[in-house]
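Heads up: the structure comes next, in structure tokens.
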Amino acid sequence: MPALLLTLPETAQVAPPNATLTDSIPDALHAPIRLTVAAAEAEGAAWPQSADTTTTPERGLAVMFSTDAPRSCATAMSIGPLRSGEFIIGGNIGGAAAWHDTVKIWWAPMHPDKRNQLVVRGASLTIPGDTVRYVSSNWAVGGPPPYDLTRPNFYASGFWFPATGRWLVIATSGRDWGCFILTSA
């Protein structure tokens, strides 16, 4: 079950087997929460990218991952899907009825790997100082049958913000990185 972390755990993401120092995955669990779009996009430019161009996302998302997307912060205006960098998100991400209590958001990294966790770091752009950090290993599969239960497709989440307003959210899973501006009403 995913959990909203109010304190940081001692665990960190695990590098894949046979990884070298040049293949290291940043420690997103302990990474700073970026407070501005400029700081978030600077992090995106510095976050290591996967040299692996092969993806195994859910079949319907493969088309959206077939081209490059900038590592810049994308603003949600509807239910999605919405892409930034190596992430596509969807569900209750925008629009008038999007945010009531806990919302369902799916987070699809370009390179799904069950060894990685989803780490979401967010800062309120409305109320300075309000932040949130969310960690999940809740993988789900989607698309039409037959389902391939041996490989993950996306992270399913029941996500919530501690206050209403506009939020700058960075999602990471291994080397996959994305930034979104979401509105909580």
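Here, A, B, ... name the chains of the structure tokens in the order displayed, residue numbers run from 1 inside each chain, and ligands are numbered from 1 in the same displayed order.
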
Worksheet entry | Spatial neighbours of range 117-120 of chain A, 6 Å, only C-alpha atoms, chain gap at least 3 places, as a ChimeraX atom specification | /A:133-137,170-173

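For Trp47 in chain A, the set of protein, DNA and RNA residues having any atom at most 8 Å away, when counting only C-alpha atoms and skipping those fewer than 3 positions along the same chain, is Pro26, Glu43, Gly44, Arg175 and Trp177 of chain A.
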
Item to complete: Within 7 Å of Val132 in chain A, counting only C-alpha atoms, which residues show up once you throw out same-chain ones fewer than 5 positions away? Write them as JSON, numbers by chain, please.
Response: {"A": [121, 122, 123]}

Can I get the selected residues back with N, CA and C atoms, as a short mmCIF file (atom, residue, chain, number, x, y, z; two decimals), in the first residue's frame?
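Output contents, as saved in selection.cif:
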```
data_model
loop_
_atom_site.label_atom_id
_atom_site.label_comp_id
_atom_site.auth_asym_id
_atom_site.auth_seq_id
_atom_site.Cartn_x
_atom_site.Cartn_y
_atom_site.Cartn_z
N ARG A 121 8.04 14.27 -5.27
CA ARG A 121 8.36 15.39 -4.37
C ARG A 121 7.58 16.60 -4.86
N GLY A 122 6.91 17.28 -3.96
CA GLY A 122 6.10 18.41 -4.38
C GLY A 122 6.21 19.60 -3.44
N ALA A 123 6.04 20.79 -4.03
CA ALA A 123 6.04 22.04 -3.27
C ALA A 123 4.87 22.89 -3.73
#
```

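Restricting the calculation to only C-alpha atoms, the smallest distance between Leu125 in chain A and any of A:Arg166, A:Leu82, A:Ala185, A:Gln49 is found for A:Arg166.
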
Practice prompt. Run DSSP on the backbone and grab whatever in range 74-180 of chain A lands in strand (DSSP E); send it over as a PyMOL selection string.
Written response: chain A and resi 74-75+82-84+87-91+103-109+118-124+131-136+139-140+154-159+165-173+176-180

Now that the selection is made, can you save its residues with N, CA and C atoms as a short mmCIF file (atom, residue, chain, number, x, y, z; two decimals), in the first residue's frame?
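Result file is part-v5.cif:
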```cif
data_model
loop_
_atom_site.label_atom_id
_atom_site.label_comp_id
_atom_site.auth_asym_id
_atom_site.auth_seq_id
_atom_site.Cartn_x
_atom_site.Cartn_y
_atom_site.Cartn_z
N ALA A 74 5.30 20.40 -17.06
CA ALA A 74 4.08 20.45 -17.86
C ALA A 74 2.90 20.76 -16.94
N THR A 75 1.99 21.62 -17.41
CA THR A 75 0.83 22.01 -16.61
C THR A 75 -0.39 21.20 -17.00
N LEU A 82 -0.68 13.35 -19.65
CA LEU A 82 0.23 14.48 -19.76
C LEU A 82 1.65 13.94 -19.62
N ARG A 83 2.56 14.41 -20.50
CA ARG A 83 3.93 13.92 -20.49
C ARG A 83 4.92 15.02 -20.17
N SER A 84 5.93 14.65 -19.38
CA SER A 84 7.10 15.47 -19.12
C SER A 84 8.29 14.53 -19.02
N PHE A 87 8.14 10.61 -18.08
CA PHE A 87 6.93 10.23 -17.34
C PHE A 87 5.69 10.68 -18.07
N ILE A 88 4.66 9.83 -18.00
CA ILE A 88 3.32 10.20 -18.43
C ILE A 88 2.42 9.96 -17.22
N ILE A 89 1.57 10.95 -16.92
CA ILE A 89 0.62 10.78 -15.82
C ILE A 89 -0.79 10.97 -16.35
N GLY A 90 -1.74 10.44 -15.61
CA GLY A 90 -3.14 10.59 -15.98
C GLY A 90 -4.02 10.33 -14.78
N GLY A 91 -5.31 10.42 -15.02
CA GLY A 91 -6.27 10.27 -13.92
C GLY A 91 -6.79 11.63 -13.51
N VAL A 103 -7.03 11.53 -4.51
CA VAL A 103 -7.29 11.38 -5.93
C VAL A 103 -6.48 10.23 -6.49
N LYS A 104 -6.95 9.69 -7.59
CA LYS A 104 -6.25 8.60 -8.25
C LYS A 104 -5.44 9.17 -9.40
N ILE A 105 -4.14 8.94 -9.33
CA ILE A 105 -3.23 9.35 -10.41
C ILE A 105 -2.43 8.12 -10.78
N TRP A 106 -2.27 7.89 -12.09
CA TRP A 106 -1.34 6.85 -12.52
C TRP A 106 -0.09 7.53 -13.06
N TRP A 107 1.04 6.94 -12.76
CA TRP A 107 2.36 7.47 -13.09
C TRP A 107 3.08 6.42 -13.92
N ALA A 108 3.33 6.68 -15.18
CA ALA A 108 3.96 5.70 -16.06
C ALA A 108 5.37 6.16 -16.43
N PRO A 109 6.41 5.49 -15.90
CA PRO A 109 7.77 5.81 -16.33
C PRO A 109 8.07 5.17 -17.68
N LEU A 118 8.56 4.63 -7.16
CA LEU A 118 8.11 5.95 -7.55
C LEU A 118 8.35 6.88 -6.37
N VAL A 119 9.05 7.98 -6.62
CA VAL A 119 9.24 9.01 -5.60
C VAL A 119 8.69 10.30 -6.17
N VAL A 120 7.72 10.88 -5.48
CA VAL A 120 7.11 12.14 -5.90
C VAL A 120 7.44 13.18 -4.83
N ARG A 121 8.04 14.27 -5.27
CA ARG A 121 8.36 15.39 -4.37
C ARG A 121 7.58 16.60 -4.86
N GLY A 122 6.91 17.28 -3.96
CA GLY A 122 6.10 18.41 -4.38
C GLY A 122 6.21 19.60 -3.44
N ALA A 123 6.04 20.79 -4.03
CA ALA A 123 6.04 22.04 -3.27
C ALA A 123 4.87 22.89 -3.73
N SER A 124 4.20 23.50 -2.78
CA SER A 124 3.10 24.38 -3.12
C SER A 124 3.65 25.65 -3.76
N THR A 131 5.10 21.37 1.61
CA THR A 131 5.73 20.37 0.75
C THR A 131 5.12 19.01 1.01
N VAL A 132 5.37 18.10 0.09
CA VAL A 132 4.90 16.73 0.22
C VAL A 132 5.92 15.80 -0.42
N ARG A 133 6.07 14.62 0.15
CA ARG A 133 6.93 13.59 -0.42
C ARG A 133 6.14 12.29 -0.36
N TYR A 134 6.10 11.57 -1.48
CA TYR A 134 5.29 10.36 -1.59
C TYR A 134 6.15 9.27 -2.22
N VAL A 135 6.10 8.07 -1.67
CA VAL A 135 6.88 6.95 -2.19
C VAL A 135 5.93 5.77 -2.39
N SER A 136 6.08 5.08 -3.53
CA SER A 136 5.22 3.94 -3.79
C SER A 136 5.96 2.87 -4.59
N TRP A 139 2.91 -1.20 -8.22
CA TRP A 139 2.86 -1.36 -9.66
C TRP A 139 1.52 -1.92 -10.09
N ALA A 140 1.06 -1.53 -11.26
CA ALA A 140 -0.19 -2.04 -11.82
C ALA A 140 0.04 -2.35 -13.29
N PHE A 154 2.71 0.69 -14.86
CA PHE A 154 2.61 2.02 -14.26
C PHE A 154 2.42 1.88 -12.76
N TYR A 155 2.62 2.99 -12.05
CA TYR A 155 2.33 3.04 -10.62
C TYR A 155 0.92 3.58 -10.46
N ALA A 156 0.11 2.89 -9.68
CA ALA A 156 -1.21 3.39 -9.34
C ALA A 156 -1.10 4.06 -7.97
N SER A 157 -1.79 5.19 -7.79
CA SER A 157 -1.69 5.85 -6.49
C SER A 157 -3.01 6.49 -6.09
N GLY A 158 -3.21 6.53 -4.80
CA GLY A 158 -4.21 7.38 -4.19
C GLY A 158 -3.42 8.52 -3.56
N PHE A 159 -3.35 9.62 -4.24
CA PHE A 159 -2.44 10.71 -3.89
C PHE A 159 -3.24 11.88 -3.34
N GLY A 165 -4.44 24.58 -3.94
CA GLY A 165 -3.58 25.51 -4.66
C GLY A 165 -2.83 24.82 -5.79
N ARG A 166 -1.84 25.52 -6.31
CA ARG A 166 -1.02 24.98 -7.39
C ARG A 166 0.22 24.34 -6.79
N TRP A 167 0.57 23.15 -7.31
CA TRP A 167 1.68 22.37 -6.79
C TRP A 167 2.67 22.03 -7.90
N LEU A 168 3.94 22.18 -7.60
CA LEU A 168 5.03 21.76 -8.47
C LEU A 168 5.42 20.37 -8.01
N VAL A 169 5.30 19.38 -8.90
CA VAL A 169 5.51 17.98 -8.54
C VAL A 169 6.56 17.37 -9.45
N ILE A 170 7.58 16.76 -8.84
CA ILE A 170 8.61 16.03 -9.59
C ILE A 170 8.43 14.55 -9.30
N ALA A 171 8.33 13.75 -10.36
CA ALA A 171 8.20 12.30 -10.23
C ALA A 171 9.47 11.65 -10.78
N THR A 172 9.99 10.68 -10.03
CA THR A 172 11.16 9.93 -10.49
C THR A 172 10.95 8.44 -10.23
N SER A 173 11.55 7.65 -11.08
CA SER A 173 11.62 6.20 -10.91
C SER A 173 12.91 5.77 -11.60
N ASP A 176 14.25 7.73 -14.77
CA ASP A 176 13.12 8.43 -15.39
C ASP A 176 12.70 9.60 -14.51
N TRP A 177 12.45 10.75 -15.14
CA TRP A 177 12.19 12.01 -14.44
C TRP A 177 11.08 12.75 -15.17
N GLY A 178 10.18 13.38 -14.41
CA GLY A 178 9.14 14.22 -14.99
C GLY A 178 8.71 15.28 -13.99
N CYS A 179 8.22 16.40 -14.50
CA CYS A 179 7.80 17.52 -13.65
C CYS A 179 6.43 17.99 -14.11
N PHE A 180 5.54 18.21 -13.15
CA PHE A 180 4.17 18.58 -13.46
C PHE A 180 3.69 19.68 -12.52
#
```

Fill in: For Thr126 in chain A, the nearest of the candidates A:Ala76, A:Ala163, A:Ile25, A:Asp68, counting only C-alpha atoms
A:Ala163

Worksheet entry | Two-atom distance - CA of Phe161 in chain A, CA of Ser50 in chain A (Å) |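 These atoms are spaced 29.8 Å apart.
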
Practice prompt. For CA of Gly129 in chain A and CA of Leu29 in chain A, determine how far apart the two atoms are, in Å to one decimal place.
Written response: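 Distance between the two atoms: 18.5 Å.
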
Discussion item. Which residue is closest to Ile93 in chain A? Choose from A:Val37, A:Ile127, A:Ala45, A:Met77 and count only C-alpha atoms.
Written reply: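 Using only C-alpha atoms, the shortest distance to Ile93 in chain A belongs to A:Met77.
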
Practice prompt. Kindly give the distance, in Å, that separates CA of Cys73 in chain A and CA of Thr183 in chain A, rounded to a single decimal.
Written response: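 So the answer is 13.3 Å.
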
Discussion item. Could you check the closest approach to Ile79 in chain A for each of A:Thr36, A:Asn92, A:Asn153, A:Ser184 and tell me which residue wins, using only C-alpha atoms?
Written reply: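 Using only C-alpha atoms, Ile79 in chain A sits closest to A:Asn92.
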